[in-house]
Amino acid sequence: MSTQPAPAPLLIACALGIEQLALRSGDRGGAGGPVTVLRTGMGPRAAERSVTRVLADPALADAAVLATGFCAGLAPGMHPGDLVVAEETWDPRGTVPCVETELLVRELVRAVPGRTVHTGPLTGSDHVVRGQERSGLLATGAVAVDMESAATLLSAVRTGARPVAAVRVVVDAPEHELVRIGTVRGGISAFRVLRSVLPAFFEWHRSLLLPRR
């Protein structure tokens, strides 16, 4: 009697405790396989170390990896609580393409109705981006910036071939700069959105488990 192989796990990586809290307090029903929420710590080096270490576990050897959390929007007109689905992530060490991004956009629109979803390149930084630096990054074609997504996905694909994606919630934007996450309305709005995105992540993961024609 043959047995079905266990479904591939999903690793959701975020940097901050407040991001992990939002994800853990969201709706965890409907996952297509084992789900691990990893808090990597802040910055690209911390993300690289944490993701590389966790994916060395044989139980996560073939895990799909999704980087998430908060980000800074780069384009005028972006607002706290908007979502960013990366088509690819950039950092000085390389570019990583993301998979099934159109499905993610559809599922996020369904999970968080009324929120704007932006798509495009997500660039990495080793520091918090402020003021005029946004304009320079926008000129490269990036739509948003954060410190961990690019390092997370690059580390993930270097440990083995696997599907990867990045979804971020805008916590500040050119007309809505924040000083401290969680102390003003923009941070609270982004937290609430991040709590609501897990069903979209699980649908993305399930789509990867379906046989390809």
# chains A, B, ... in the order shown; residues from 1 in each chain; ligands from 1
>>> select_by_dssp(residues="region 107-182 of chain A", states="alpha helix (DSSP H)", output="compact mmCIF listing (two decimals) with all heavy atoms, in the first residue's frame")
# COMPACT_ATOMS: atom_id res chain seq x y z
N GLU A 107 -5.03 36.58 -3.95
CA GLU A 107 -5.42 36.11 -2.63
C GLU A 107 -5.32 37.21 -1.58
O GLU A 107 -6.11 37.26 -0.63
CB GLU A 107 -4.57 34.91 -2.22
CG GLU A 107 -4.81 33.67 -3.07
CD GLU A 107 -6.25 33.21 -3.03
OE1 GLU A 107 -6.92 33.38 -1.98
OE2 GLU A 107 -6.74 32.69 -4.06
N LEU A 108 -4.38 38.13 -1.74
CA LEU A 108 -4.29 39.25 -0.80
C LEU A 108 -5.47 40.20 -0.96
O LEU A 108 -6.00 40.72 0.02
CB LEU A 108 -2.96 39.99 -0.99
CG LEU A 108 -1.73 39.25 -0.49
CD1 LEU A 108 -0.46 39.91 -1.03
CD2 LEU A 108 -1.70 39.21 1.04
N VAL A 109 -5.88 40.43 -2.20
CA VAL A 109 -7.07 41.27 -2.44
C VAL A 109 -8.28 40.66 -1.76
O VAL A 109 -9.13 41.36 -1.19
CB VAL A 109 -7.29 41.45 -3.95
CG1 VAL A 109 -8.65 42.06 -4.23
CG2 VAL A 109 -6.18 42.31 -4.55
N ARG A 110 -8.36 39.33 -1.80
CA ARG A 110 -9.47 38.63 -1.16
C ARG A 110 -9.34 38.66 0.37
O ARG A 110 -10.35 38.84 1.07
CB ARG A 110 -9.50 37.18 -1.64
CG ARG A 110 -10.65 36.36 -1.10
CD ARG A 110 -10.60 34.94 -1.66
NE ARG A 110 -10.64 34.95 -3.12
CZ ARG A 110 -10.46 33.86 -3.86
NH1 ARG A 110 -10.21 32.70 -3.30
NH2 ARG A 110 -10.52 33.96 -5.18
N ALA A 111 -8.14 38.50 0.88
CA ALA A 111 -7.94 38.43 2.33
C ALA A 111 -8.06 39.79 3.00
O ALA A 111 -8.52 39.88 4.15
CB ALA A 111 -6.57 37.82 2.64
N GLU A 133 16.76 59.66 0.42
CA GLU A 133 17.28 58.37 -0.03
C GLU A 133 16.19 57.55 -0.74
O GLU A 133 16.48 56.75 -1.63
CB GLU A 133 17.85 57.58 1.15
CG GLU A 133 18.63 56.35 0.73
CD GLU A 133 19.27 55.63 1.89
OE1 GLU A 133 19.07 56.06 3.05
OE2 GLU A 133 19.95 54.63 1.63
N ARG A 134 14.95 57.77 -0.36
CA ARG A 134 13.84 57.08 -1.04
C ARG A 134 13.84 57.37 -2.53
O ARG A 134 13.60 56.49 -3.36
CB ARG A 134 12.50 57.53 -0.46
CG ARG A 134 12.21 57.11 0.95
CD ARG A 134 10.84 57.67 1.32
NE ARG A 134 10.58 57.60 2.73
CZ ARG A 134 9.94 56.61 3.33
NH1 ARG A 134 9.50 55.59 2.63
NH2 ARG A 134 9.73 56.63 4.63
N SER A 135 14.06 58.65 -2.88
CA SER A 135 14.00 59.05 -4.29
C SER A 135 15.05 58.31 -5.11
O SER A 135 14.78 57.88 -6.24
CB SER A 135 14.19 60.56 -4.43
OG SER A 135 13.18 61.25 -3.73
N GLY A 136 16.24 58.16 -4.54
CA GLY A 136 17.29 57.45 -5.24
C GLY A 136 16.94 55.99 -5.47
O GLY A 136 17.19 55.44 -6.55
N LEU A 137 16.33 55.36 -4.49
CA LEU A 137 15.93 53.96 -4.63
C LEU A 137 14.76 53.82 -5.60
O LEU A 137 14.72 52.87 -6.39
CB LEU A 137 15.57 53.37 -3.28
CG LEU A 137 16.73 53.22 -2.28
CD1 LEU A 137 16.22 52.73 -0.93
CD2 LEU A 137 17.78 52.26 -2.83
N LEU A 138 13.83 54.76 -5.56
CA LEU A 138 12.72 54.74 -6.50
C LEU A 138 13.22 54.84 -7.94
O LEU A 138 12.70 54.17 -8.84
CB LEU A 138 11.75 55.88 -6.19
CG LEU A 138 10.53 56.01 -7.12
CD1 LEU A 138 9.63 54.79 -7.02
CD2 LEU A 138 9.75 57.29 -6.77
N ALA A 139 14.26 55.62 -8.15
CA ALA A 139 14.81 55.79 -9.50
C ALA A 139 15.40 54.50 -10.06
O ALA A 139 15.54 54.35 -11.28
CB ALA A 139 15.87 56.89 -9.49
N SER A 149 14.21 41.08 3.44
CA SER A 149 13.64 40.20 2.41
C SER A 149 14.67 39.69 1.43
O SER A 149 14.72 38.48 1.11
CB SER A 149 12.52 40.92 1.65
OG SER A 149 11.40 41.13 2.48
N ALA A 150 15.49 40.58 0.88
CA ALA A 150 16.47 40.16 -0.11
C ALA A 150 17.45 39.15 0.47
O ALA A 150 17.76 38.13 -0.15
CB ALA A 150 17.21 41.37 -0.66
N ALA A 151 17.93 39.40 1.68
CA ALA A 151 18.86 38.48 2.32
C ALA A 151 18.19 37.15 2.63
O ALA A 151 18.79 36.08 2.49
CB ALA A 151 19.42 39.10 3.60
N THR A 152 16.93 37.20 3.04
CA THR A 152 16.18 35.97 3.34
C THR A 152 16.05 35.09 2.11
O THR A 152 16.35 33.89 2.15
CB THR A 152 14.79 36.32 3.89
OG1 THR A 152 14.92 36.94 5.17
CG2 THR A 152 13.91 35.09 4.02
N LEU A 153 15.60 35.68 1.00
CA LEU A 153 15.37 34.87 -0.19
C LEU A 153 16.68 34.40 -0.82
O LEU A 153 16.78 33.26 -1.31
CB LEU A 153 14.55 35.65 -1.22
CG LEU A 153 13.15 36.07 -0.79
CD1 LEU A 153 12.30 36.42 -2.01
CD2 LEU A 153 12.45 35.03 0.05
N LEU A 154 17.71 35.24 -0.80
CA LEU A 154 19.00 34.82 -1.34
C LEU A 154 19.56 33.66 -0.52
O LEU A 154 20.06 32.67 -1.09
CB LEU A 154 19.97 36.00 -1.34
CG LEU A 154 21.29 35.78 -2.08
CD1 LEU A 154 21.06 35.45 -3.55
CD2 LEU A 154 22.19 37.01 -1.94
N SER A 155 19.47 33.74 0.79
CA SER A 155 19.94 32.64 1.64
C SER A 155 19.13 31.38 1.39
O SER A 155 19.67 30.27 1.36
CB SER A 155 19.85 33.04 3.11
OG SER A 155 20.64 34.18 3.37
N ALA A 156 17.82 31.55 1.19
CA ALA A 156 16.95 30.40 0.99
C ALA A 156 17.31 29.64 -0.28
O ALA A 156 17.41 28.41 -0.28
CB ALA A 156 15.49 30.85 0.94
N VAL A 157 17.50 30.35 -1.39
CA VAL A 157 17.79 29.65 -2.65
C VAL A 157 19.22 29.13 -2.69
O VAL A 157 19.52 28.17 -3.42
CB VAL A 157 17.49 30.54 -3.87
CG1 VAL A 157 16.02 30.91 -3.92
CG2 VAL A 157 18.36 31.79 -3.89
N ARG A 158 20.10 29.71 -1.91
CA ARG A 158 21.47 29.20 -1.86
C ARG A 158 21.56 27.87 -1.11
O ARG A 158 22.49 27.11 -1.33
CB ARG A 158 22.40 30.23 -1.22
CG ARG A 158 22.77 31.37 -2.16
CD ARG A 158 23.70 32.37 -1.50
NE ARG A 158 24.23 33.34 -2.46
CZ ARG A 158 25.01 34.37 -2.15
NH1 ARG A 158 25.34 34.57 -0.88
NH2 ARG A 158 25.45 35.18 -3.09
>>> atom_distance(atom1="CA of Ile18 (chain A)", atom2="CA of Thr52 (chain A)")
22.3 Å
>>> atom_distance(atom1="CA of Ala47 (chain A)", atom2="CA of Leu66 (chain A)")
12.4 Å
>>> residues_around(residues="Asp126 (chain A)", least_positions_apart="2", cutoff="12 Å", atoms="only C-alpha atoms", output="NGL selection string")
:A and (42-47 or 91-92 or 123-124 or 128-129 or 145-151)
>>> closest_residue(among="A:Ile188, A:Leu103, A:Ala13, A:Val143", to="Arg206 (chain A)", atoms="only C-alpha atoms")
A:Leu103
>>> closest_atom_pairs(of="region 112-209 of chain A", to="region 78-82 of chain A", cutoff="6 Å", atoms="only C-alpha atoms", output="JSON lines")
{"residue": "A:Arg115", "atom": "CA", "partner": "A:Asp82", "partner_atom": "CA", "distance": 5.7}
{"residue": "A:Thr116", "atom": "CA", "partner": "A:Asp82", "partner_atom": "CA", "distance": 5.1}
{"residue": "A:Val169", "atom": "CA", "partner": "A:Gly81", "partner_atom": "CA", "distance": 5.8}
{"residue": "A:Val170", "atom": "CA", "partner": "A:Pro80", "partner_atom": "CA", "distance": 5.0}
{"residue": "A:Val171", "atom": "CA", "partner": "A:Pro80", "partner_atom": "CA", "distance": 4.7}
{"residue": "A:Asp172", "atom": "CA", "partner": "A:Pro80", "partner_atom": "CA", "distance": 5.5}
{"residue": "A:Ala173", "atom": "CA", "partner": "A:Met78", "partner_atom": "CA", "distance": 5.9}
{"residue": "A:Gly186", "atom": "CA", "partner": "A:Pro80", "partner_atom": "CA", "distance": 5.0}
{"residue": "A:Ser189", "atom": "CA", "partner": "A:Gly81", "partner_atom": "CA", "distance": 5.4}
{"residue": "A:Ala190", "atom": "CA", "partner": "A:Gly81", "partner_atom": "CA", "distance": 4.4}
>>> write_last_selection(atoms="C-alpha atoms", output="compact mmCIF listing (two decimals), in the first residue's frame")
# COMPACT_ATOMS: atom_id res chain seq x y z
CA ARG A 115 -6.18 47.53 0.56
CA THR A 116 -4.00 48.53 -2.38
CA VAL A 169 3.07 45.74 4.48
CA VAL A 170 3.90 49.42 4.06
CA VAL A 171 4.43 50.99 7.45
CA ASP A 172 5.70 54.33 6.18
CA ALA A 173 5.84 56.11 2.84
CA GLY A 186 0.33 54.00 10.41
CA SER A 189 -2.79 49.96 10.50
CA ALA A 190 0.12 47.92 9.16
>>> residues_around(residues="Leu21 (chain A)", least_positions_apart="5", cutoff="10 Å", atoms="only C-alpha atoms", output="ChimeraX atom specification")
/A:16,26,37,39,191,194-195
>>> atom_distance(atom1="CA of Thr140 (chain A)", atom2="CA of Gly69 (chain A)")
22.3 Å
>>> residues_around(residues="Leu55 (chain A)", least_positions_apart="3", cutoff="10 Å", atoms="only C-alpha atoms", output="list in words")
Leu11, Ser50, Val51, Thr52, Pro58, Ala59, Leu60, Ala61, Asp62, Ala63, Val65, Ser155, Ala156, Thr159 and Gly160 of chain A
>>> write_last_selection(atoms="N, CA, C and O atoms", output="CSV table (one decimal), in the first residue's frame")
chain,number,residue,atom,x,y,z
A,11,LEU,N,8.0,28.0,5.4
A,11,LEU,CA,8.8,28.9,6.4
A,11,LEU,C,8.4,30.3,6.1
A,11,LEU,O,8.7,30.8,5.0
A,50,SER,N,20.0,33.4,10.3
A,50,SER,CA,18.8,32.7,10.8
A,50,SER,C,18.3,31.7,9.8
A,50,SER,O,18.0,30.6,10.1
A,51,VAL,N,18.1,32.2,8.6
A,51,VAL,CA,17.5,31.4,7.5
A,51,VAL,C,18.4,30.3,7.2
A,51,VAL,O,17.9,29.1,7.0
A,52,THR,N,19.6,30.5,7.0
A,52,THR,CA,20.6,29.4,6.7
A,52,THR,C,20.6,28.4,7.8
A,52,THR,O,20.6,27.2,7.5
A,58,PRO,N,16.9,19.0,8.4
A,58,PRO,CA,16.3,18.1,7.4
A,58,PRO,C,14.8,18.3,7.2
A,58,PRO,O,14.2,18.1,6.1
A,59,ALA,N,14.1,18.6,8.3
A,59,ALA,CA,12.6,18.7,8.3
A,59,ALA,C,12.2,19.9,7.4
A,59,ALA,O,11.1,20.0,6.9
A,60,LEU,N,13.1,20.9,7.2
A,60,LEU,CA,12.8,22.0,6.4
A,60,LEU,C,13.6,22.1,5.1
A,60,LEU,O,13.6,23.1,4.4
A,61,ALA,N,14.2,21.0,4.8
A,61,ALA,CA,15.1,21.0,3.6
A,61,ALA,C,14.5,21.4,2.3
A,61,ALA,O,15.1,22.1,1.5
A,62,ASP,N,13.2,21.1,2.1
A,62,ASP,CA,12.5,21.5,0.9
A,62,ASP,C,11.4,22.5,1.1
A,62,ASP,O,10.5,22.6,0.4
A,63,ALA,N,11.5,23.2,2.2
A,63,ALA,CA,10.5,24.2,2.6
A,63,ALA,C,10.4,25.4,1.5
A,63,ALA,O,11.4,25.8,1.0
A,65,VAL,N,9.8,29.3,1.1
A,65,VAL,CA,10.1,30.4,2.0
A,65,VAL,C,9.4,31.7,1.6
A,65,VAL,O,9.5,32.0,0.4
A,155,SER,N,19.5,33.7,0.8
A,155,SER,CA,19.9,32.6,1.6
A,155,SER,C,19.1,31.4,1.4
A,155,SER,O,19.7,30.3,1.4
A,156,ALA,N,17.8,31.5,1.2
A,156,ALA,CA,16.9,30.4,1.0
A,156,ALA,C,17.3,29.6,-0.3
A,156,ALA,O,17.4,28.4,-0.3
A,159,THR,N,20.6,27.6,-0.2
A,159,THR,CA,20.6,26.3,0.5
A,159,THR,C,20.0,25.2,-0.3
A,159,THR,O,20.1,24.1,0.1
A,160,GLY,N,19.3,25.5,-1.4
A,160,GLY,CA,18.7,24.5,-2.3
A,160,GLY,C,17.6,25.1,-3.1
A,160,GLY,O,17.0,26.2,-2.7
>>> select_by_dssp(residues="region 52-157 of chain A", states="strand (DSSP E or B)", output="count of residues only")
34
